[in-house]
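Chemist: Quick one: this structure, given as structure tokens, is what I'll be asking you about.
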Amino acid sequence: MTRFLGAVGNEIGKGLRFAWSERLQIAMEVPFFTVFILLLGPLLGAGHQITAGHLNWTLNSQRISLLVVAFVPFGFFYMQAVKLFWRLLSEIQTGTIEQVYLSPLPSWLVAAAGRVVAALIETFVLMGITYGLTSAFVTLHFHWTVAVLLPVTFLIVTGTGYSLIIAGMTLLWKRIQLLQETILLLVMVFAFTALPVFTVPGWFAGLGRVLPLTSSVTSLYGAMLGHRGVTGAWGTGGLVWVAVTAAAYLAAGILTFRALEHLTKVRGTLGSY
Amino acid sequence: MSAITVPRPGAPVLAPRWFALRAFANEAGQGLRLLWRHRAITITALVSQGLMYLAIQFFIGGGHLLPPVLALTLPGLFAVTIAYTTSIQGAGEIAEEVNGGTLEQAHLSPARPSVLVAGRLAALAVEGLIPAAVLAVAFGFGYGPHWVIGPGALVPLTLTVLDALGYALLMTALVLRIPSIGAVVHVFNMAIIFFGGMLIPITLFPHGIEIFARFLPTALGVEVLNTTLAGRGLGAAWSDGTLSWLLAHVVVLGGLAWATYLHTLRRARREGGPSPR
């Protein structure tokens, strides 16, 4: 047990040292994310204004609050998945990936464990500063309650599962940087379908529902802005769907990682091309 | 370690120009073979990019697709796709070579680094142009935007592609200096997606943001492309200054990227940087 905890602690420590080495990049992200949230608000549903050639850039408190609810979970996904991908790729390319198998931990846990804690801390710092900067421009109205910890927990589980799917694909195919970038952006864009800003076609909403972020964002919206609890069972943001999404993504993540890892080992291409 | 090329007796000696051409073709061919080998991933990424654009248009149109907005933003999609694809692939490929130690092997070649980088850029250009063209043609035929397509549009189109390649080369060069380049490229790419004319024409941004956006790769190219596709011709783009600024942007960004690449490579060779960090 002590060895197990020591190995997990080492992975977490490694994840945090990686996070610290990327502080320059985090400093670049903060102003960009703030501007992104502030400018995206007036753009939503502004198609006719764009056609007319004039856009009203007034910042709407309610709409910006909505976007913050969708954007913060994306921040975690980004920290977890993008960085896990690049870190894993670097280990594959340098050949140190094979050292993972000297650890007493299961390989999927080694791949994801250190990254989750580092991603949570990075998300907390990055989104905290982004929140502060955004609220300097527009008042954000949220109903803060401990109940949000429930969808947040499911979100972390879902994000871990999602990142394991990406990690498994990285082991097998290696050069998937373009694919993982576009899929992550797609996940972010579809998370906005959870927000009650406008109606979207049924197929579009249906596709959004199976993507990993949408149900957690809906649940967070209900708790922080919609004056609803998080324990309602049904619907996209209902407890059942949020829990099923989290369990399904984690299970799919572990299974995919193990299956693709096995295939990679059979082919003998774990650390080479 | 040093390597000396020893000519084999009786081996044909290539003239320098032919040798450079062959080195260029080898680099370009390597990139294209890798593109072909990973075609399934490229196609999936292409479909995802198309879906992402469609989703963004739904949001902007309030749940509807508005053809006039599509007409204004499709040139942005074309440009962003090239910049996005080439920068990620360029940075990813050189990171792979640095980590795998094969970048050093490439530079044991007697060919000049500028020849090798030109070959790398040629492959990247193809890698970026294929998905960009497929998406532009698919959405163009699907929604039939009212464009005036003439030979004049080829000028901003070419300059936009060159601008995107300059950006990709700059990101590729930075890989040799910044270990967390993957995430940095991600941030720059999101900035180009947002401010590069794919969401809205940059002239609609608040004035300060519009000026900032014009410094970003491909944004000016999309603006001039929109002017020509609206039937106002290159003269209008020249008289409002956007075409001349675009030319300056392409030259400055391309020059900066080229100089940065050669400088970082020289420095990395001096300090042992082409090896895994």
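Labeling convention for the structure tokens: chains A, B, ... as they appear, residues from 1 per chain, ligands from 1 in order of appearance.
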Residues of chain B within 8 Å of chain A, counting only C-alpha atoms, what are they? List them as a PyMOL selection string.

Modeler: chain B and resi 38+41-42+44-45+48-49+51-52+55-56+58-64+66+68-69+85+88-89+92+95-96+99-100+180+182-184+186-187+191+194+200+204-206+276

Chemist: Pick out the residues sitting within 12 Å of Thr264 of chain A, and hand them over as a PyMOL selection string; count only C-alpha atoms, and ignore anything fewer than 3 positions along from it in its own chain.

Modeler: chain A and resi 92+98+168-174+256-261+267-273

Chemist: For the residues selected in the previous step, produce a file with N, CA and C atoms as a PDB file, in the first residue's frame.

Modeler:
```pdb
ATOM      1  N   ILE A  92       6.822   9.040 -25.425  1.00  0.00           N
ATOM      2  CA  ILE A  92       6.904   8.010 -26.477  1.00  0.00           C
ATOM      3  C   ILE A  92       8.113   8.287 -27.365  1.00  0.00           C
ATOM      4  N   GLU A  98       8.499   3.470 -21.848  1.00  0.00           N
ATOM      5  CA  GLU A  98       8.664   2.089 -21.393  1.00  0.00           C
ATOM      6  C   GLU A  98       8.959   2.003 -19.897  1.00  0.00           C
ATOM      7  N   GLY A 168      -4.801   6.621 -25.154  1.00  0.00           N
ATOM      8  CA  GLY A 168      -4.734   5.336 -25.844  1.00  0.00           C
ATOM      9  C   GLY A 168      -4.484   5.523 -27.329  1.00  0.00           C
ATOM     10  N   MET A 169      -5.196   6.479 -27.912  1.00  0.00           N
ATOM     11  CA  MET A 169      -4.999   6.757 -29.340  1.00  0.00           C
ATOM     12  C   MET A 169      -3.571   7.241 -29.603  1.00  0.00           C
ATOM     13  N   THR A 170      -3.029   8.015 -28.650  1.00  0.00           N
ATOM     14  CA  THR A 170      -1.657   8.520 -28.804  1.00  0.00           C
ATOM     15  C   THR A 170      -0.661   7.363 -28.812  1.00  0.00           C
ATOM     16  N   LEU A 171      -0.888   6.384 -27.913  1.00  0.00           N
ATOM     17  CA  LEU A 171       0.032   5.240 -27.865  1.00  0.00           C
ATOM     18  C   LEU A 171       0.068   4.510 -29.204  1.00  0.00           C
ATOM     19  N   LEU A 172      -1.118   4.341 -29.794  1.00  0.00           N
ATOM     20  CA  LEU A 172      -1.179   3.548 -31.024  1.00  0.00           C
ATOM     21  C   LEU A 172      -0.778   4.343 -32.264  1.00  0.00           C
ATOM     22  N   TRP A 173      -1.378   5.531 -32.416  1.00  0.00           N
ATOM     23  CA  TRP A 173      -1.177   6.261 -33.675  1.00  0.00           C
ATOM     24  C   TRP A 173      -0.155   7.390 -33.596  1.00  0.00           C
ATOM     25  N   LYS A 174       0.216   7.807 -32.395  1.00  0.00           N
ATOM     26  CA  LYS A 174       1.210   8.869 -32.170  1.00  0.00           C
ATOM     27  C   LYS A 174       0.830  10.239 -32.748  1.00  0.00           C
ATOM     28  N   THR A 256     -10.474   1.651 -23.569  1.00  0.00           N
ATOM     29  CA  THR A 256      -9.799   2.064 -24.811  1.00  0.00           C
ATOM     30  C   THR A 256      -8.293   2.120 -24.594  1.00  0.00           C
ATOM     31  N   PHE A 257      -7.907   2.717 -23.468  1.00  0.00           N
ATOM     32  CA  PHE A 257      -6.463   2.831 -23.183  1.00  0.00           C
ATOM     33  C   PHE A 257      -5.824   1.451 -23.147  1.00  0.00           C
ATOM     34  N   ARG A 258      -6.468   0.538 -22.418  1.00  0.00           N
ATOM     35  CA  ARG A 258      -5.870  -0.795 -22.270  1.00  0.00           C
ATOM     36  C   ARG A 258      -5.853  -1.553 -23.598  1.00  0.00           C
ATOM     37  N   ALA A 259      -6.951  -1.427 -24.359  1.00  0.00           N
ATOM     38  CA  ALA A 259      -7.019  -2.152 -25.634  1.00  0.00           C
ATOM     39  C   ALA A 259      -5.975  -1.620 -26.618  1.00  0.00           C
ATOM     40  N   LEU A 260      -5.884  -0.299 -26.728  1.00  0.00           N
ATOM     41  CA  LEU A 260      -4.939   0.279 -27.692  1.00  0.00           C
ATOM     42  C   LEU A 260      -3.493   0.090 -27.219  1.00  0.00           C
ATOM     43  N   GLU A 261      -3.311   0.115 -25.904  1.00  0.00           N
ATOM     44  CA  GLU A 261      -1.979  -0.145 -25.346  1.00  0.00           C
ATOM     45  C   GLU A 261      -1.546  -1.580 -25.673  1.00  0.00           C
ATOM     46  N   ARG A 267       2.277  -4.967 -31.430  1.00  0.00           N
ATOM     47  CA  ARG A 267       2.976  -4.530 -32.641  1.00  0.00           C
ATOM     48  C   ARG A 267       4.437  -4.165 -32.360  1.00  0.00           C
ATOM     49  N   GLY A 268       4.753  -3.999 -31.064  1.00  0.00           N
ATOM     50  CA  GLY A 268       6.121  -3.629 -30.692  1.00  0.00           C
ATOM     51  C   GLY A 268       6.451  -2.183 -30.996  1.00  0.00           C
ATOM     52  N   THR A 269       5.436  -1.316 -30.973  1.00  0.00           N
ATOM     53  CA  THR A 269       5.688   0.075 -31.357  1.00  0.00           C
ATOM     54  C   THR A 269       5.442   1.046 -30.208  1.00  0.00           C
ATOM     55  N   LEU A 270       5.609   0.565 -28.979  1.00  0.00           N
ATOM     56  CA  LEU A 270       5.319   1.434 -27.834  1.00  0.00           C
ATOM     57  C   LEU A 270       6.212   2.671 -27.827  1.00  0.00           C
ATOM     58  N   GLY A 271       7.492   2.455 -28.053  1.00  0.00           N
ATOM     59  CA  GLY A 271       8.397   3.601 -27.968  1.00  0.00           C
ATOM     60  C   GLY A 271       9.060   3.952 -29.271  1.00  0.00           C
ATOM     61  N   SER A 272       8.532   3.432 -30.359  1.00  0.00           N
ATOM     62  CA  SER A 272       9.186   3.740 -31.637  1.00  0.00           C
ATOM     63  C   SER A 272       8.143   3.977 -32.707  1.00  0.00           C
ATOM     64  N   TYR A 273       8.593   4.350 -33.892  1.00  0.00           N
ATOM     65  CA  TYR A 273       7.680   4.643 -34.999  1.00  0.00           C
ATOM     66  C   TYR A 273       7.830   3.636 -36.124  1.00  0.00           C
TER      67      TYR A 273
END
```

Chemist: Within 6 Å of Met198 of chain B, counting only C-alpha atoms, which residues show up once you throw out same-chain ones fewer than 2 positions away? Write them as an NGL selection string, please.

Modeler: :B and (73 or 76-77 or 196 or 200)

Chemist: Pick out each residue of segment 34-245 of chain B that DSSP on the backbone tags as alpha helix (DSSP H); I need them as number ranges by chain.

Modeler: B: 34-37, 39-60, 67-100, 102-106, 113-143, 154-174, 181-195, 207-215, 219-229, 233-239, 242-245

Chemist: Which one is closest to Ala167 of chain A: A:Val125, A:Leu220, A:Ala81, A:Val242? Count only C-alpha atoms.

Modeler: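 The shortest atom-to-atom distance to Ala167 of chain A comes from A:Ala81.
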
Chemist: Looking at only C-alpha atoms, which of A:Thr139, A:Ser107, A:Thr130, A:Thr145 is the one that sits closest to Leu255 of chain A?

Modeler: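 Smallest distance to Leu255 of chain A is found for A:Ser107.
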
Chemist: Near Ala251 of chain A, within 10 Å and counting only C-alpha atoms, which residues show up once chain neighbours fewer than 3 positions away are dropped, as a list in words?

Modeler: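 Using only C-alpha atoms, the neighbours found are Val157, Thr158, Gly161, Tyr162, Leu164, Ile165, Thr245, Ala246, Ala247, Ala248, Ile254, Leu255, Thr256 and Phe257 of chain A.
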
Chemist: Please dump the current selection as a short mmCIF file (atom, residue, chain, number, x, y, z; two decimals), in the first residue's frame; keep C-alpha atoms.

Modeler:
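File produced: out.cif:
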```cif
data_model
loop_
_atom_site.label_atom_id
_atom_site.label_comp_id
_atom_site.auth_asym_id
_atom_site.auth_seq_id
_atom_site.Cartn_x
_atom_site.Cartn_y
_atom_site.Cartn_z
CA VAL A 157 -14.30 11.83 -13.82
CA THR A 158 -15.57 12.46 -17.37
CA GLY A 161 -11.98 9.19 -19.05
CA TYR A 162 -11.87 11.43 -22.11
CA LEU A 164 -7.51 8.31 -21.37
CA ILE A 165 -9.21 7.76 -24.74
CA THR A 245 -21.91 10.10 -18.88
CA ALA A 246 -19.12 10.17 -16.28
CA ALA A 247 -19.20 6.40 -15.72
CA ALA A 248 -19.38 5.68 -19.45
CA ILE A 254 -9.83 2.74 -19.28
CA LEU A 255 -10.97 0.09 -21.79
CA THR A 256 -9.80 2.06 -24.81
CA PHE A 257 -6.46 2.83 -23.18
#
```

Chemist: Met171 of chain B: which residues within 12 Å, counting only C-alpha atoms, same-chain residues fewer than 6 positions away excluded, as a ChimeraX atom specification?

Modeler: /B:83-95,164-165,177-189,217,253-254,256-258,260-261,264
